[in-house]
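What follows is the content of run39.cif, which has mmCIF, C-alpha atoms and all ligand atoms:
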```
data_protein
loop_
_atom_site.label_atom_id
_atom_site.label_comp_id
_atom_site.auth_asym_id
_atom_site.auth_seq_id
_atom_site.Cartn_x
_atom_site.Cartn_y
_atom_site.Cartn_z
CA MET B 5 -9.14 104.06 62.54
CA SER B 6 -6.69 101.26 63.25
CA SER B 7 -4.48 100.08 60.40
CA SER B 8 -5.48 96.98 58.46
CA LEU B 9 -4.38 93.57 59.58
CA LEU B 10 -6.39 91.28 57.35
CA THR B 11 -8.23 92.53 54.27
CA ILE B 12 -10.70 90.38 52.38
CA GLU B 13 -11.57 91.65 48.92
CA GLY B 14 -13.97 90.13 46.41
CA LEU B 15 -13.75 86.71 48.06
CA GLN B 16 -15.61 83.95 46.23
CA VAL B 17 -15.96 80.38 47.45
CA ARG B 18 -17.54 77.69 45.27
CA PHE B 19 -18.12 74.01 45.85
CA GLU B 20 -18.48 71.43 43.09
CA THR B 21 -21.18 68.93 44.01
CA ALA B 22 -23.07 66.14 42.24
CA ASP B 23 -26.02 68.55 42.00
CA GLY B 24 -23.99 71.38 40.49
CA GLU B 25 -22.04 74.32 41.82
CA VAL B 26 -22.74 75.82 45.25
CA SER B 27 -21.81 79.51 45.57
CA ALA B 28 -21.11 79.80 49.29
CA VAL B 29 -19.28 83.15 49.27
CA ASN B 30 -20.11 85.72 46.62
CA GLY B 31 -17.87 88.77 46.63
CA MET B 32 -17.16 89.27 50.32
CA ASP B 33 -15.30 92.41 51.37
CA LEU B 34 -14.10 92.98 54.92
CA ASP B 35 -11.26 94.89 56.50
CA ILE B 36 -10.08 93.80 59.94
CA GLY B 37 -8.01 96.37 61.80
CA GLN B 38 -5.24 95.68 64.32
CA GLY B 39 -6.65 94.97 67.75
CA GLU B 40 -10.20 95.30 66.46
CA ARG B 41 -13.05 93.16 67.80
CA ILE B 42 -15.40 92.40 64.98
CA ALA B 43 -18.42 90.14 64.86
CA VAL B 44 -19.40 88.37 61.65
CA VAL B 45 -23.09 87.57 61.91
CA GLY B 46 -25.76 86.00 59.74
CA GLU B 47 -28.12 83.04 59.54
CA SER B 48 -26.77 79.55 59.27
CA GLY B 49 -25.57 78.90 55.71
CA SER B 50 -24.70 82.54 54.95
CA GLY B 51 -21.06 81.66 54.25
CA LYS B 52 -19.44 82.83 57.48
CA SER B 53 -17.42 79.69 58.20
CA GLN B 54 -16.46 78.94 54.62
CA ALA B 55 -15.22 82.49 54.11
CA PHE B 56 -12.73 82.23 56.96
CA LEU B 57 -11.80 78.62 56.25
CA ALA B 58 -10.99 79.80 52.71
CA CYS B 59 -8.79 82.59 54.11
CA LEU B 60 -6.75 79.98 55.95
CA GLY B 61 -6.61 77.38 53.17
CA LEU B 62 -8.89 74.97 55.04
CA LEU B 63 -11.67 74.43 52.50
CA ALA B 64 -12.95 70.93 51.76
CA ARG B 65 -11.46 69.32 48.66
CA ASN B 66 -14.44 70.15 46.46
CA GLY B 67 -14.12 73.86 47.31
CA SER B 68 -12.15 76.62 45.60
CA ALA B 69 -11.56 80.25 46.53
CA HIS B 70 -10.87 83.33 44.43
CA GLY B 71 -10.25 86.95 45.24
CA GLN B 72 -7.78 88.56 47.63
CA VAL B 73 -7.08 87.92 51.30
CA ARG B 74 -4.27 90.29 52.19
CA TRP B 75 -2.12 89.59 55.20
CA GLN B 76 0.88 91.93 55.36
CA ASP B 77 1.97 92.00 51.71
CA LEU B 78 0.78 88.47 50.91
CA ASN B 79 -2.39 87.16 49.29
CA LEU B 80 -3.19 84.16 51.49
CA LEU B 81 -5.15 82.55 48.65
CA GLU B 82 -1.93 82.18 46.66
CA LEU B 83 0.27 80.63 49.35
CA SER B 84 1.40 77.01 49.58
CA GLN B 85 -0.10 74.84 52.35
CA GLN B 86 3.28 74.91 54.07
CA LYS B 87 3.38 78.71 54.28
CA LEU B 88 -0.24 78.80 55.38
CA ASN B 89 0.51 76.29 58.15
CA THR B 90 3.11 78.69 59.50
CA ILE B 91 0.77 81.67 59.38
CA ARG B 92 -2.07 79.68 60.95
CA GLY B 93 -0.03 78.48 63.86
CA ARG B 94 1.93 81.63 64.56
CA HIS B 95 -0.02 84.67 63.49
CA ILE B 96 -3.66 83.72 63.05
CA GLY B 97 -5.32 81.53 65.69
CA MET B 98 -8.60 79.77 65.00
CA VAL B 99 -11.14 78.30 67.43
CA PHE B 100 -14.04 76.17 66.19
CA GLN B 101 -17.51 75.37 67.47
CA ASP B 102 -16.73 71.77 68.32
CA PRO B 103 -13.34 71.37 69.96
CA MET B 104 -13.50 67.59 69.56
CA THR B 105 -13.03 67.94 65.80
CA ALA B 106 -9.90 70.02 66.28
CA LEU B 107 -8.29 68.08 69.14
CA THR B 108 -6.65 64.71 68.51
CA PRO B 109 -8.57 62.20 70.67
CA HIS B 110 -5.68 59.79 71.35
CA LEU B 111 -3.12 62.41 72.41
CA LYS B 112 -2.88 63.98 75.85
CA VAL B 113 -3.59 67.69 76.09
CA GLY B 114 0.02 68.47 77.11
CA ARG B 115 1.42 66.64 74.09
CA GLN B 116 -0.90 68.51 71.69
CA LEU B 117 0.00 71.89 73.13
CA ASN B 118 3.71 71.00 73.13
CA GLU B 119 3.60 70.04 69.47
CA VAL B 120 2.37 73.51 68.53
CA LEU B 121 5.23 75.11 70.45
CA GLU B 122 7.80 72.77 68.99
CA ILE B 123 6.68 73.29 65.39
CA HIS B 124 6.21 77.03 65.51
CA ARG B 125 8.69 78.20 68.12
CA GLY B 126 11.14 75.35 68.42
CA GLN B 127 10.37 75.27 72.15
CA THR B 128 10.59 71.97 74.04
CA GLY B 129 11.10 70.64 77.60
CA THR B 130 10.62 72.80 80.68
CA LEU B 131 10.29 76.00 78.70
CA ALA B 132 7.44 74.57 76.64
CA ARG B 133 5.74 73.16 79.72
CA GLN B 134 5.96 76.54 81.41
CA ARG B 135 4.39 78.25 78.42
CA CYS B 136 1.58 75.65 78.28
CA LEU B 137 0.78 76.20 81.97
CA GLU B 138 0.92 79.95 81.51
CA VAL B 139 -1.61 79.84 78.66
CA LEU B 140 -3.89 77.34 80.42
CA ASP B 141 -3.86 79.71 83.36
CA GLN B 142 -4.70 82.59 81.05
CA VAL B 143 -7.77 80.75 79.77
CA ARG B 144 -8.71 80.10 83.41
CA MET B 145 -8.40 76.35 83.22
CA PRO B 146 -8.93 74.78 86.62
CA ASP B 147 -5.91 72.64 87.74
CA PRO B 148 -3.79 73.27 84.63
CA ASP B 149 -1.07 70.83 85.76
CA LYS B 150 -3.50 67.96 85.89
CA ARG B 151 -5.00 68.79 82.47
CA LEU B 152 -1.70 68.34 80.66
CA ASP B 153 -1.84 64.63 81.51
CA GLN B 154 -5.43 64.11 80.43
CA TYR B 155 -7.01 63.10 77.14
CA PRO B 156 -9.61 65.40 75.54
CA HIS B 157 -12.48 63.00 76.34
CA GLU B 158 -11.66 63.26 80.05
CA LEU B 159 -12.50 66.97 80.02
CA SER B 160 -15.88 68.72 80.03
CA GLY B 161 -17.05 70.59 76.90
CA GLY B 162 -16.15 73.93 78.47
CA MET B 163 -12.65 72.73 79.40
CA ARG B 164 -12.08 71.34 75.91
CA GLN B 165 -12.98 74.71 74.47
CA ARG B 166 -10.49 76.31 76.87
CA VAL B 167 -7.82 73.92 75.58
CA MET B 168 -8.63 74.97 72.01
CA ILE B 169 -8.40 78.63 72.92
CA ALA B 170 -5.12 77.97 74.75
CA MET B 171 -3.78 76.20 71.69
CA ALA B 172 -4.73 79.12 69.48
CA LEU B 173 -3.04 81.56 71.89
CA LEU B 174 0.21 79.66 72.46
CA CYS B 175 2.16 81.58 69.84
CA GLU B 176 0.57 84.97 70.60
CA PRO B 177 -1.36 85.46 67.35
CA LYS B 178 -2.25 88.91 66.04
CA VAL B 179 -5.77 87.78 65.31
CA LEU B 180 -8.00 85.14 66.78
CA ILE B 181 -10.83 83.86 64.59
CA ALA B 182 -13.49 82.22 66.77
CA ASP B 183 -16.17 80.38 64.81
CA GLU B 184 -19.30 79.91 66.96
CA PRO B 185 -17.01 79.18 69.92
CA THR B 186 -19.84 78.89 72.43
CA THR B 187 -22.65 77.38 70.36
CA ALA B 188 -22.03 73.83 71.57
CA LEU B 189 -21.80 74.85 75.25
CA ASP B 190 -24.50 75.31 77.87
CA VAL B 191 -25.58 78.81 78.76
CA THR B 192 -23.49 79.39 81.91
CA ILE B 193 -20.32 78.10 80.27
CA GLN B 194 -21.10 80.23 77.20
CA ALA B 195 -21.11 83.33 79.35
CA GLU B 196 -17.79 82.33 80.96
CA ILE B 197 -16.11 81.73 77.61
CA LEU B 198 -17.39 85.05 76.22
CA ALA B 199 -16.10 86.86 79.31
CA LEU B 200 -12.77 85.11 78.76
CA PHE B 201 -12.57 86.34 75.15
CA LYS B 202 -13.29 89.83 76.35
CA ASP B 203 -10.43 89.75 78.86
CA LEU B 204 -8.04 88.16 76.39
CA VAL B 205 -8.48 90.77 73.70
CA GLU B 206 -8.22 93.56 76.25
CA GLN B 207 -4.97 92.20 77.70
CA GLN B 208 -3.29 91.37 74.41
CA SER B 209 -4.09 93.98 71.75
CA MET B 210 -5.03 90.98 69.63
CA ALA B 211 -7.80 91.33 67.03
CA LEU B 212 -10.85 89.11 67.42
CA VAL B 213 -13.18 87.91 64.68
CA LEU B 214 -16.21 86.42 66.39
CA ILE B 215 -18.31 84.42 63.94
CA THR B 216 -21.82 83.82 65.25
CA HIS B 217 -25.44 83.30 64.20
CA ASP B 218 -26.49 84.68 67.61
CA LEU B 219 -26.65 88.46 67.71
CA GLY B 220 -27.25 88.23 71.44
CA VAL B 221 -23.57 87.39 72.13
CA VAL B 222 -22.17 90.30 70.11
CA ALA B 223 -22.97 93.32 72.28
CA GLY B 224 -20.44 93.86 75.02
CA LEU B 225 -17.73 91.91 73.23
CA CYS B 226 -17.37 93.43 69.77
CA GLU B 227 -17.25 97.07 68.72
CA ARG B 228 -17.98 96.44 65.04
CA ALA B 229 -20.09 93.93 63.15
CA ALA B 230 -20.41 92.70 59.60
CA VAL B 231 -23.70 91.11 58.59
CA MET B 232 -23.53 88.38 55.96
CA TYR B 233 -26.29 87.25 53.62
CA ALA B 234 -25.84 84.78 50.76
CA GLY B 235 -22.07 84.94 51.06
CA ARG B 236 -21.68 88.67 51.04
CA VAL B 237 -21.35 91.44 53.64
CA VAL B 238 -24.65 93.30 53.32
CA GLU B 239 -24.09 95.68 56.21
CA ALA B 240 -21.18 96.72 58.41
CA GLY B 241 -20.73 99.32 61.10
CA SER B 242 -20.42 99.84 64.83
CA VAL B 243 -22.48 97.39 66.86
CA ALA B 244 -24.34 100.29 68.47
CA ASP B 245 -25.35 101.79 65.08
CA LEU B 246 -26.31 98.45 63.61
CA PHE B 247 -28.50 97.52 66.56
CA THR B 248 -30.23 100.87 66.91
CA ALA B 249 -30.42 101.99 63.26
CA PRO B 250 -29.88 99.08 60.86
CA ALA B 251 -29.59 100.32 57.28
CA HIS B 252 -30.25 96.97 55.59
CA PRO B 253 -33.68 95.32 55.92
CA TYR B 254 -31.96 91.98 56.59
CA THR B 255 -30.12 93.40 59.62
CA ALA B 256 -33.40 94.74 60.94
CA GLY B 257 -34.91 91.29 60.45
CA LEU B 258 -32.07 89.60 62.33
CA ILE B 259 -32.53 91.98 65.24
CA GLY B 260 -36.28 91.42 65.11
CA SER B 261 -35.75 87.68 65.43
CA THR B 262 -33.44 88.00 68.47
CA PRO B 263 -35.87 88.40 71.42
CA LYS B 264 -33.28 89.83 73.83
CA LEU B 265 -32.31 92.61 71.41
CA LYS B 266 -35.86 93.34 70.40
CA GLN B 267 -36.61 94.12 74.04
CA ALA B 268 -33.43 96.10 74.60
CA TYR B 269 -33.90 98.31 71.54
CA GLY B 270 -37.60 99.08 72.01
CA GLU B 271 -39.18 99.61 68.59
CA PRO B 272 -40.37 96.34 67.13
CA MET B 273 -38.24 95.39 64.14
CA PRO B 274 -39.75 93.33 61.32
CA THR B 275 -38.87 89.63 61.41
CA ILE B 276 -37.69 87.82 58.30
CA PRO B 277 -40.24 85.85 56.28
CA GLY B 278 -39.22 83.16 53.78
CA GLN B 279 -36.16 80.95 53.42
CA PRO B 280 -32.45 81.61 52.92
CA PRO B 281 -31.55 81.60 49.21
CA ASN B 282 -30.63 78.53 47.22
CA LEU B 283 -26.85 78.87 46.80
CA SER B 284 -26.94 76.78 43.62
CA ASN B 285 -29.32 79.24 42.03
CA LEU B 286 -29.04 82.70 43.57
CA PRO B 287 -31.72 85.30 42.84
CA VAL B 288 -30.74 87.88 40.22
CA GLY B 289 -29.90 91.29 41.66
CA CYS B 290 -30.26 91.68 45.42
CA ALA B 291 -30.13 88.18 46.94
CA PHE B 292 -32.50 89.31 49.72
CA ARG B 293 -35.16 90.50 47.29
CA PRO B 294 -37.50 87.46 47.55
CA ARG B 295 -37.76 88.09 51.32
CA CYS B 296 -37.69 91.86 51.35
CA ARG B 297 -40.83 93.88 51.90
CA TYR B 298 -39.16 97.06 50.63
CA GLY B 299 -38.05 95.77 47.22
CA ILE B 300 -38.49 98.01 44.16
CA GLU B 301 -37.71 97.52 40.48
CA ARG B 302 -34.13 98.68 40.88
CA CYS B 303 -33.49 95.74 43.26
CA ALA B 304 -33.25 93.48 40.19
CA GLU B 305 -29.71 94.92 39.93
CA ARG B 306 -27.11 93.77 42.44
CA PRO B 307 -26.75 96.61 44.97
CA LYS B 308 -23.22 97.92 45.56
CA PHE B 309 -21.99 98.37 49.13
CA LYS B 310 -22.71 102.02 49.92
CA PRO B 311 -20.89 103.90 52.68
CA LEU B 312 -23.23 105.81 55.01
CA ALA B 313 -22.32 107.95 58.04
CA ASP B 314 -19.84 106.97 60.79
CA GLY B 315 -18.28 103.97 59.09
CA GLN B 316 -21.64 102.27 58.63
CA GLY B 317 -22.44 100.97 55.17
CA ALA B 318 -24.92 98.66 53.45
CA ALA B 319 -25.48 96.86 50.17
CA CYS B 320 -29.08 97.95 49.64
CA HIS B 321 -30.51 100.29 47.01
CA ARG B 322 -32.76 101.75 49.67
CA ALA B 323 -30.26 101.89 52.56
CA GLY B 324 -31.36 104.51 55.04
CA GLU B 325 -34.50 105.22 53.01
CA TRP B 326 -36.87 102.29 53.66
CA GLY B 327 -37.56 103.36 57.23
CA GLY B 328 -34.51 101.88 59.02
CA GLY B 329 -31.00 103.33 59.07
CA ALA B 330 -29.57 106.53 60.45
N1 LIG B 401 -17.88 70.79 51.09
C1 LIG B 401 -19.01 71.41 50.74
N2 LIG B 401 -19.67 71.07 49.61
C2 LIG B 401 -20.80 71.71 49.23
N3 LIG B 401 -21.34 72.74 49.90
C3 LIG B 401 -20.72 73.13 51.03
C4 LIG B 401 -19.53 72.48 51.51
N4 LIG B 401 -19.15 73.09 52.67
C5 LIG B 401 -20.06 74.06 52.90
N5 LIG B 401 -21.00 74.08 51.94
C6 LIG B 401 -22.14 75.01 51.84
O1 LIG B 401 -21.70 76.34 51.91
C7 LIG B 401 -22.72 77.16 52.46
C8 LIG B 401 -22.14 78.12 53.47
O2 LIG B 401 -21.75 77.38 54.59
P1 LIG B 401 -21.09 78.00 55.89
O3 LIG B 401 -20.02 78.96 55.54
O4 LIG B 401 -20.68 76.83 56.72
O5 LIG B 401 -22.31 78.76 56.57
P2 LIG B 401 -22.37 79.46 58.01
O6 LIG B 401 -21.06 79.28 58.69
O7 LIG B 401 -22.72 80.88 57.74
O8 LIG B 401 -23.49 78.73 58.71
C9 LIG B 401 -23.77 76.21 53.05
O9 LIG B 401 -24.88 76.19 52.19
C10 LIG B 401 -23.08 74.87 53.03
O10 LIG B 401 -23.98 73.84 52.84
S1 LIG B 402 -31.76 96.21 47.63
FE1 LIG B 402 -33.98 96.18 47.51
S2 LIG B 402 -34.56 94.05 47.82
FE2 LIG B 402 -32.46 94.29 48.51
S3 LIG B 402 -32.62 94.70 50.68
FE3 LIG B 402 -32.55 96.68 49.68
S4 LIG B 402 -34.69 97.24 49.36
FE4 LIG B 402 -34.66 95.04 49.82
MG MG B 403 -20.60 78.24 60.42
#
```

If you convert what's in this file into structure tokens, what do you get?
Ligand SMILES: Nc1ncnc2c1ncn2[C@@H]1O[C@H](COP(=O)(O)OP(=O)(O)O)[C@@H](O)[C@H]1O
Ligand code: SF4
Ligand SMILES: [Mg+2]
Amino acid sequence: MSSSLLTIEGLQVRFETADGEVSAVNGMDLDIGQGERIAVVGESGSGKSQAFLACLGLLARNGSAHGQVRWQDLNLLELSQQKLNTIRGRHIGMVFQDPMTALTPHLKVGRQLNEVLEIHRGQTGTLARQRCLEVLDQVRMPDPDKRLDQYPHELSGGMRQRVMIAMALLCEPKVLIADEPTTALDVTIQAEILALFKDLVEQQSMALVLITHDLGVVAGLCERAAVMYAGRVVEAGSVADLFTAPAHPYTAGLIGSTPKLKQAYGEPMPTIPGQPPNLSNLPVGCAFRPRCRYGIERCAERPKFKPLADGQGAACHRAGEWGGGA
């Protein structure tokens, strides 16, 4: 087992809204090892993005985070914005779904990349230019020289995403957090960007956190996955174990609703009836209970995360007993 790089413990994220409090993340635990490739999966609204935005101090103003996010001997949730800026630029890279929101529209690509190098490494001039070209080359950007002199809107969606990835890689981070990095792209470009991530993590011993609602993109890129439901990790384990023997009924449901996986793994898995929970009024006990066909009386108590065999674990009273699991 690789040693820990980033450890999330008991993370809670709440938003104050006119309609009351929204509990987006509700006691999330996750340990990310050095060089590990981990997928964080779950339906839209399950708290994936907000959990990692909270880790990096990027929550909206009405949001607050509690718990522990350990990076080296620091709790990221207690750091000043200034310290977090340094960690974000240098050690933890982040790539978002829509590169347009992260790139500055009125600045040329070269200028934006240069700024990162100047702020975090004090590099300017020819040295900085060389590093920019090197990284653009690494992300397989066609005609890197030409791109430095272009504005983001002059590039295709795929190229903009490559610029974002290049920007995140400039300072050789130890972990790259990619939040739905291919969702906004068309299918062929998606495949290219996923192949690129694969090569990058193999070349660089960098850890990758791939956040996605699409289980179909996980296999082949990540070795481990964490499944989120209602702001909590409800199952974690190797991708192979999770896909062949899910221990949580929700994981089975996710697989059942991903046609490609359903075919690949034979046995029909149950799909998920009902709606995601109301985060302003979470069900008592297991948050999945209103949608779960295996619920019993005990499920009125919140299930603890239970370790099973081979590093797999699930927060379900009936893990491994309802018919799924190892
Ligand atoms: N600024 C905000 N104010 C209120 N609720 C928010 C805010 N930002 C996010 N949320 C809510 O937090 C929940 C989790 O969102 P998110 O982490 O983005 O989900 P995911 O990335 O899994 O799709 C959603 O219900 C979303 O509406
Ligand atoms: S704890 Fe109970 S309700 Fe929740 S997933 Fe497991 S069996 Fe279903
Ligand atoms: Mg999201």

Using all atoms listed in the file, collect all residues at a distance of at most 8 Å from (-17.9, 95.6, 66.4) as written in the file, then present them as a list in words.
Glu40, Arg41, Ile42, Ala43, Val222, Leu225, Cys226, Glu227, Arg228, Ala229, Ala230, Gly241, Ser242 and Val243 of chain B

Show me, as CSV, the residues of chain B having an atom within 9 Å of ligand LIG 401 (chain B), each with the closest atom pair and its distance in Å, using all atoms listed in the file.
```
residue,atom,partner,partner_atom,distance
B:Val17,CA,B:LIG401,O1,8.3
B:Arg18,CA,B:LIG401,N3,7.8
B:Phe19,CA,B:LIG401,C2,4.9
B:Glu20,CA,B:LIG401,C2,6.6
B:Thr21,CA,B:LIG401,C2,5.9
B:Glu25,CA,B:LIG401,C2,8.0
B:Val26,CA,B:LIG401,N3,5.8
B:Ser27,CA,B:LIG401,O1,7.1
B:Ala28,CA,B:LIG401,O1,4.4
B:Val29,CA,B:LIG401,C8,7.1
B:Val45,CA,B:LIG401,O7,7.9
B:Gly46,CA,B:LIG401,O7,6.3
B:Glu47,CA,B:LIG401,O7,6.1
B:Ser48,CA,B:LIG401,O8,3.4
B:Gly49,CA,B:LIG401,O5,3.4
B:Ser50,CA,B:LIG401,O7,3.8
B:Gly51,CA,B:LIG401,O3,3.2
B:Lys52,CA,B:LIG401,O7,3.8
B:Ser53,CA,B:LIG401,O6,3.7
B:Gln54,CA,B:LIG401,O3,3.7
B:Ala55,CA,B:LIG401,O3,6.1
B:Phe56,CA,B:LIG401,O3,8.1
B:Leu57,CA,B:LIG401,O3,8.3
B:Leu63,CA,B:LIG401,N1,7.3
B:Ala64,CA,B:LIG401,N1,5.0
B:Arg65,CA,B:LIG401,N1,7.0
B:Asn66,CA,B:LIG401,N1,5.8
B:Gly67,CA,B:LIG401,N1,6.2
B:Asp183,CA,B:LIG401,O6,7.9
B:Glu184,CA,B:LIG401,O6,8.5
B:Ile215,CA,B:LIG401,O6,7.8
B:Thr216,CA,B:LIG401,O6,8.0
B:His217,CA,B:LIG401,O8,7.4
B:Met232,CA,B:LIG401,O7,7.8
B:Tyr233,CA,B:LIG401,O7,8.4
B:Ala234,CA,B:LIG401,C8,8.1
B:Gly235,CA,B:LIG401,C8,7.2
B:Asn282,CA,B:LIG401,O9,8.0
B:Leu283,CA,B:LIG401,O9,6.3
B:Ser284,CA,B:LIG401,O9,8.8
```

So that I can check the surroundings of Arg293 of chain B, please list as a ChimeraX atom specification every protein, DNA and RNA residue that reaches within 12 Å of it, counting only C-alpha atoms and ignoring chain neighbours fewer than 4 positions away.
/B:233-234,252-254,276-281,286-289,297-307,319-322

Take the residues just selected and output them with C-alpha atoms as a PDB file, keeping the file's coordinate frame.
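Done, and the output landed in again_31.pdb:
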```pdb
ATOM      1  CA  TYR B 233     -26.290  87.250  53.620  1.00  0.00           C
ATOM      2  CA  ALA B 234     -25.840  84.780  50.760  1.00  0.00           C
ATOM      3  CA  HIS B 252     -30.250  96.970  55.590  1.00  0.00           C
ATOM      4  CA  PRO B 253     -33.680  95.320  55.920  1.00  0.00           C
ATOM      5  CA  TYR B 254     -31.960  91.980  56.590  1.00  0.00           C
ATOM      6  CA  ILE B 276     -37.690  87.820  58.300  1.00  0.00           C
ATOM      7  CA  PRO B 277     -40.240  85.850  56.280  1.00  0.00           C
ATOM      8  CA  GLY B 278     -39.220  83.160  53.780  1.00  0.00           C
ATOM      9  CA  GLN B 279     -36.160  80.950  53.420  1.00  0.00           C
ATOM     10  CA  PRO B 280     -32.450  81.610  52.920  1.00  0.00           C
ATOM     11  CA  PRO B 281     -31.550  81.600  49.210  1.00  0.00           C
ATOM     12  CA  LEU B 286     -29.040  82.700  43.570  1.00  0.00           C
ATOM     13  CA  PRO B 287     -31.720  85.300  42.840  1.00  0.00           C
ATOM     14  CA  VAL B 288     -30.740  87.880  40.220  1.00  0.00           C
ATOM     15  CA  GLY B 289     -29.900  91.290  41.660  1.00  0.00           C
ATOM     16  CA  ARG B 297     -40.830  93.880  51.900  1.00  0.00           C
ATOM     17  CA  TYR B 298     -39.160  97.060  50.630  1.00  0.00           C
ATOM     18  CA  GLY B 299     -38.050  95.770  47.220  1.00  0.00           C
ATOM     19  CA  ILE B 300     -38.490  98.010  44.160  1.00  0.00           C
ATOM     20  CA  GLU B 301     -37.710  97.520  40.480  1.00  0.00           C
ATOM     21  CA  ARG B 302     -34.130  98.680  40.880  1.00  0.00           C
ATOM     22  CA  CYS B 303     -33.490  95.740  43.260  1.00  0.00           C
ATOM     23  CA  ALA B 304     -33.250  93.480  40.190  1.00  0.00           C
ATOM     24  CA  GLU B 305     -29.710  94.920  39.930  1.00  0.00           C
ATOM     25  CA  ARG B 306     -27.110  93.770  42.440  1.00  0.00           C
ATOM     26  CA  PRO B 307     -26.750  96.610  44.970  1.00  0.00           C
ATOM     27  CA  ALA B 319     -25.480  96.860  50.170  1.00  0.00           C
ATOM     28  CA  CYS B 320     -29.080  97.950  49.640  1.00  0.00           C
ATOM     29  CA  HIS B 321     -30.510 100.290  47.010  1.00  0.00           C
ATOM     30  CA  ARG B 322     -32.760 101.750  49.670  1.00  0.00           C
TER      31      ARG B 322
END
```

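If you look at atom CA of Asp23 of chain B and atom CA of Val237 of chain B, they are 26.1 Å away from each other.
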
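Atom pair atom CA of Gly257 of chain B / atom CA of Phe309 of chain B: separated by 18.6 Å.
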
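For the residues B:Leu204, B:Leu137, B:Val99, B:Leu174, ranking by smallest atom-to-atom distance to ligand MG 403 (chain B) using all atoms listed in the file places B:Val99 first.
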
Å distance separating atom CA of Ala240 of chain B from atom CA of Gln316 of chain B, one decimal place
5.6 Å

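Considering only C-alpha atoms, the residue among B:Gly114, B:Gly31, B:Pro263, B:Gly317 positioned nearest to Arg135 of chain B is B:Gly114.
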
Quick one: residues within 9 Å of Ile193 of chain B, all atoms listed in the file counted, chain neighbours fewer than 5 positions away excluded, as a PDB file with C-alpha atoms, in the coordinates of the input?
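Now in around.pdb:
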```pdb
ATOM      1  CA  GLY B 161     -17.050  70.590  76.900  1.00  0.00           C
ATOM      2  CA  GLY B 162     -16.150  73.930  78.470  1.00  0.00           C
ATOM      3  CA  THR B 186     -19.840  78.890  72.430  1.00  0.00           C
ATOM      4  CA  LEU B 198     -17.390  85.050  76.220  1.00  0.00           C
TER       5      LEU B 198
END
```

Find the residues near Gly260 of chain B: any atom within 8 Å, counting all atoms listed in the file, skip ones fewer than 5 places away on the same chain, and give them as a PDB file with C-alpha atoms, in the coordinates of the input.
```pdb
ATOM      1  CA  LEU B 265     -32.310  92.610  71.410  1.00  0.00           C
ATOM      2  CA  LYS B 266     -35.860  93.340  70.400  1.00  0.00           C
ATOM      3  CA  PRO B 272     -40.370  96.340  67.130  1.00  0.00           C
ATOM      4  CA  MET B 273     -38.240  95.390  64.140  1.00  0.00           C
ATOM      5  CA  PRO B 274     -39.750  93.330  61.320  1.00  0.00           C
ATOM      6  CA  THR B 275     -38.870  89.630  61.410  1.00  0.00           C
ATOM      7  CA  ILE B 276     -37.690  87.820  58.300  1.00  0.00           C
TER       8      ILE B 276
END
```

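The nearest approach to ligand MG 403 (chain B) among the residues B:Asp77, B:Asp149, B:Asp218, B:Asp314, with all atoms listed in the file taken into account, belongs to B:Asp218.
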
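The shortest atom-to-atom distance to ligand LIG 402 (chain B), with all atoms listed in the file taken into account, belongs to B:Ala251 out of B:Leu212, B:Leu10, B:Ala251, B:Val139.
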
With 6 Å on each side, where is the centre of the axis-aligned box around all listed atoms of segment 76-93 of chain B, and how long are its edges in Å to one decimal, as JSON?
```
{"center_x": -0.9, "center_y": 83.4, "center_z": 55.3, "size_x": 20.5, "size_y": 29.2, "size_z": 29.2}
```

Any idea what's packed within 12 Å of Leu140 of chain B, counting all atoms listed in the file, ignoring anything in its chain fewer than 2 positions away? Could you give it as a VMD selection string?
chain B and resid 113 to 114 117 133 to 138 142 to 152 163 to 174 200
